[in-house]
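The structure under discussion appears below in the form of structure tokens.
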Amino acid sequence: MERIASVERNTFETQIVLTLNLDGSGKCSVKNPIGFFDHMLQAFCKHGMFDLSGSLAGDLQVDQHHLIEDTGIVLGMCFAKALGDCAGIYRTGFFIYPMDESLLQASVDFGGRSFLVCDAKLTGIPLVSISPEGKQASFQTDCFEDFWQGFVNGARCNLHLDTIRGRSDHHKMEGLFKAASRAIRAAVEIDPRRNGAVPSTKGIIV
């Protein structure tokens with residue numbers, strides 16, 4: 001059974017449409033106006049083996065917050081829609097990702113309750129670079145947590161993101177995206193021993 005979901009969100013601030021395949025091959029083809037954010041979504045898909053397509057647009061003349069947070073919400077909603085009642089999945093996942101001088105960890109539970117703990121230890125200083133493709137190359141690092149808060153709200157999961165150690169904000173954020181994708185991949189995979197049962201003593205994920 002295909003686990004594919006599409007979600008569209010249109011507001012006065014953002015216009016976002018995403019299609020997610022949980023059982024993909026790691027392809028990301030999302031029209032994304034923010035260069036570093038595109039890099040993060042590409043890494044998320046590649047390491048999680050998720051296929052993601054669509055487009056992102058928003059009021060970047062204000063700042064990046066609305067677009068990045070709303071993308072997290074829509075991506076989370078795609079996961080919730082594709083998982084349905086969560087029957088047969090492992091439900092929880094954990095991964096530690098090393099990235100040069102940084103060591104990052106992520107833990108997730110698709111248990112129906114939204115909660116985020118984000119201890120990324122970022123400096124808050126925006127990343128700035130020059131993009132030859134004309135994309136907005138800067139990235140507001142304070143929007144990193146906004147994205148994941150939106151994600152857990154949309155996905156109805158709880159997620160813990162921790163920087164164990166590190167120096168580079170780029171490495172911390174990229175390593176956490178990769179750790180999260182690997183933890184999420186482990187959580188949403190089908191457990192062959194579960195025989196399609198919902199992974200909860202309550203018999204339902206709420």
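Identifiers in this document derive from the order of the structure tokens: chains are assigned A, B, ..., residues are numbered from 1 separately in each chain, and ligands are numbered from 1 in order of occurrence.
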
Practice prompt. Would you mind listing what lies within 12 Å of Glu2 in chain A as an MDAnalysis selection string, with only C-alpha atoms counted and same-chain residues fewer than 6 positions away left out?
Written response: chainID A and resid 20:24 81:84

Practice prompt. Select, from A:Ala180, A:Leu104, A:Leu52, A:Met40, the residue with the minimum atom-to-atom distance to Cys28 in chain A, counting only C-alpha atoms.
Written response: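 Selected residue with least distance to Cys28 in chain A: A:Leu52.
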
Worksheet item: range 140-145 of chain A: which residues within 12 Å, counting only C-alpha atoms, same-chain residues fewer than 2 positions away excluded, as a PyMOL selection string?
Response: chain A and resi 34-37+40-41+60+63-72+116-128+136-138+147-152+159-162+168-174+176-177

Item to complete: as JSON, numbers by chain, please: all residues of chain A that backbone DSSP puts in strand (DSSP E).
Response: {"A": [4, 5, 6, 7, 8, 9, 10, 14, 15, 16, 17, 18, 19, 20, 21, 28, 29, 30, 31, 51, 52, 53, 54, 55, 56, 57, 58, 92, 93, 94, 95, 96, 97, 98, 99, 102, 103, 104, 105, 106, 107, 108, 109, 115, 116, 117, 118, 119, 158, 159, 160, 161, 162, 163, 164, 165]}

Find the nearest atom pair between each residue of range 61-152 of chain A and range 191-203 of chain A for residues within 12 Å, count only C-alpha atoms, give distances in Å to one decimal, sort rows by chain and ascending number, and present the table as a tab-separated table.
residue	atom	partner	partner_atom	distance
A:Leu83	CA	A:Val198	CA	11.0
A:Gly84	CA	A:Val198	CA	10.5
A:Asp85	CA	A:Val198	CA	7.2
A:Cys86	CA	A:Val198	CA	6.1
A:Ala87	CA	A:Val198	CA	4.1
A:Gly88	CA	A:Gly196	CA	3.9
A:Ile89	CA	A:Asp191	CA	5.3
A:Tyr90	CA	A:Asp191	CA	5.5
A:Arg91	CA	A:Pro199	CA	6.6
A:Thr92	CA	A:Pro199	CA	9.5
A:Asp109	CA	A:Pro199	CA	10.8
A:Phe110	CA	A:Pro199	CA	9.6
A:Gly111	CA	A:Ser200	CA	8.0
A:Gly112	CA	A:Ser200	CA	10.4

Export N, CA, C and O atoms of the chosen residues as a CSV table (one decimal), in the first residue's frame?
chain,number,residue,atom,x,y,z
A,83,LEU,N,0.8,8.5,7.2
A,83,LEU,CA,0.8,7.5,8.3
A,83,LEU,C,-0.6,7.0,8.7
A,83,LEU,O,-0.7,5.9,9.2
A,84,GLY,N,-1.5,7.9,8.5
A,84,GLY,CA,-2.9,7.5,8.9
A,84,GLY,C,-3.0,7.1,10.4
A,84,GLY,O,-2.6,8.0,11.2
A,85,ASP,N,-3.5,5.9,10.7
A,85,ASP,CA,-3.6,5.5,12.1
A,85,ASP,C,-2.3,5.0,12.7
A,85,ASP,O,-2.3,4.5,13.8
A,86,CYS,N,-1.2,5.0,11.9
A,86,CYS,CA,0.1,4.6,12.3
A,86,CYS,C,0.2,3.0,12.5
A,86,CYS,O,1.1,2.5,13.1
A,87,ALA,N,-0.8,2.3,12.0
A,87,ALA,CA,-0.8,0.9,12.1
A,87,ALA,C,0.5,0.3,11.5
A,87,ALA,O,0.8,0.6,10.3
A,88,GLY,N,1.1,-0.6,12.2
A,88,GLY,CA,2.2,-1.4,11.7
A,88,GLY,C,3.6,-0.8,11.8
A,88,GLY,O,4.6,-1.5,11.5
A,89,ILE,N,3.7,0.5,12.1
A,89,ILE,CA,5.0,1.1,12.1
A,89,ILE,C,5.7,0.9,13.5
A,89,ILE,O,5.1,0.5,14.5
A,90,TYR,N,7.0,1.2,13.5
A,90,TYR,CA,7.8,1.1,14.7
A,90,TYR,C,7.4,2.2,15.7
A,90,TYR,O,7.5,2.0,16.9
A,91,ARG,N,7.0,3.3,15.2
A,91,ARG,CA,6.5,4.5,16.0
A,91,ARG,C,7.6,5.4,16.5
A,91,ARG,O,7.5,6.6,16.5
A,92,THR,N,8.7,4.8,17.1
A,92,THR,CA,9.8,5.6,17.7
A,92,THR,C,11.1,5.4,16.9
A,92,THR,O,11.3,4.3,16.3
A,109,ASP,N,8.9,10.3,18.5
A,109,ASP,CA,7.8,9.4,18.8
A,109,ASP,C,6.5,9.9,18.1
A,109,ASP,O,6.0,11.0,18.4
A,110,PHE,N,6.0,9.1,17.2
A,110,PHE,CA,4.8,9.4,16.5
A,110,PHE,C,3.6,8.9,17.3
A,110,PHE,O,2.9,8.0,16.9
A,111,GLY,N,3.5,9.4,18.5
A,111,GLY,CA,2.5,8.9,19.5
A,111,GLY,C,1.3,9.8,19.6
A,111,GLY,O,0.5,9.6,20.5
A,112,GLY,N,1.1,10.8,18.7
A,112,GLY,CA,-0.1,11.6,18.7
A,112,GLY,C,-0.1,12.8,19.5
A,112,GLY,O,-1.0,13.6,19.5

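Shortest separation to Val30 in chain A among A:Met1, A:Leu56, A:Met49, A:Met99 occurs at residue A:Leu56, atoms counted being only C-alpha atoms.
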
Worksheet entry | DSSP-assigned helix (DSSP H, G or I) members of chain A, reported as a PyMOL selection string | chain A and resi 35-48+65-83+143-155+169-188

Worksheet entry | Shortest interatomic distance to Glu101 in chain A - which of A:Asn32, A:Thr19, A:Thr163, A:Thr11, counting only C-alpha atoms | A:Thr163

Worksheet item: Got a sec: who's within 8 Å of Leu18 in chain A, counting only C-alpha atoms, leaving out chain neighbours fewer than 4 positions off, as a list in words?
Response: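 Listed by chain and then number, they are Ser6, Val7, Glu8, Val30, Leu52, Ser53, Gly54, Ser55, Val74, Leu75 and Cys78 of chain A.
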
Fill in: Which of A:Glu189, A:Asp100, A:Asp146, A:Glu13 sits closest to Gln61 in chain A [using only C-alpha atoms]
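When distances to Gln61 in chain A are compared using only C-alpha atoms, the smallest one comes from A:Glu13.
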
Worksheet item: Rounded to one decimal in Å, what is the spacing between CA of Ser114 in chain A and CA of Ala187 in chain A?
Response: 15.3 Å

Item to complete: Please measure the separation of CA of Ile190 in chain A and CA of Arg3 in chain A, giving the value in Å to one decimal.
Response: 11.0 Å
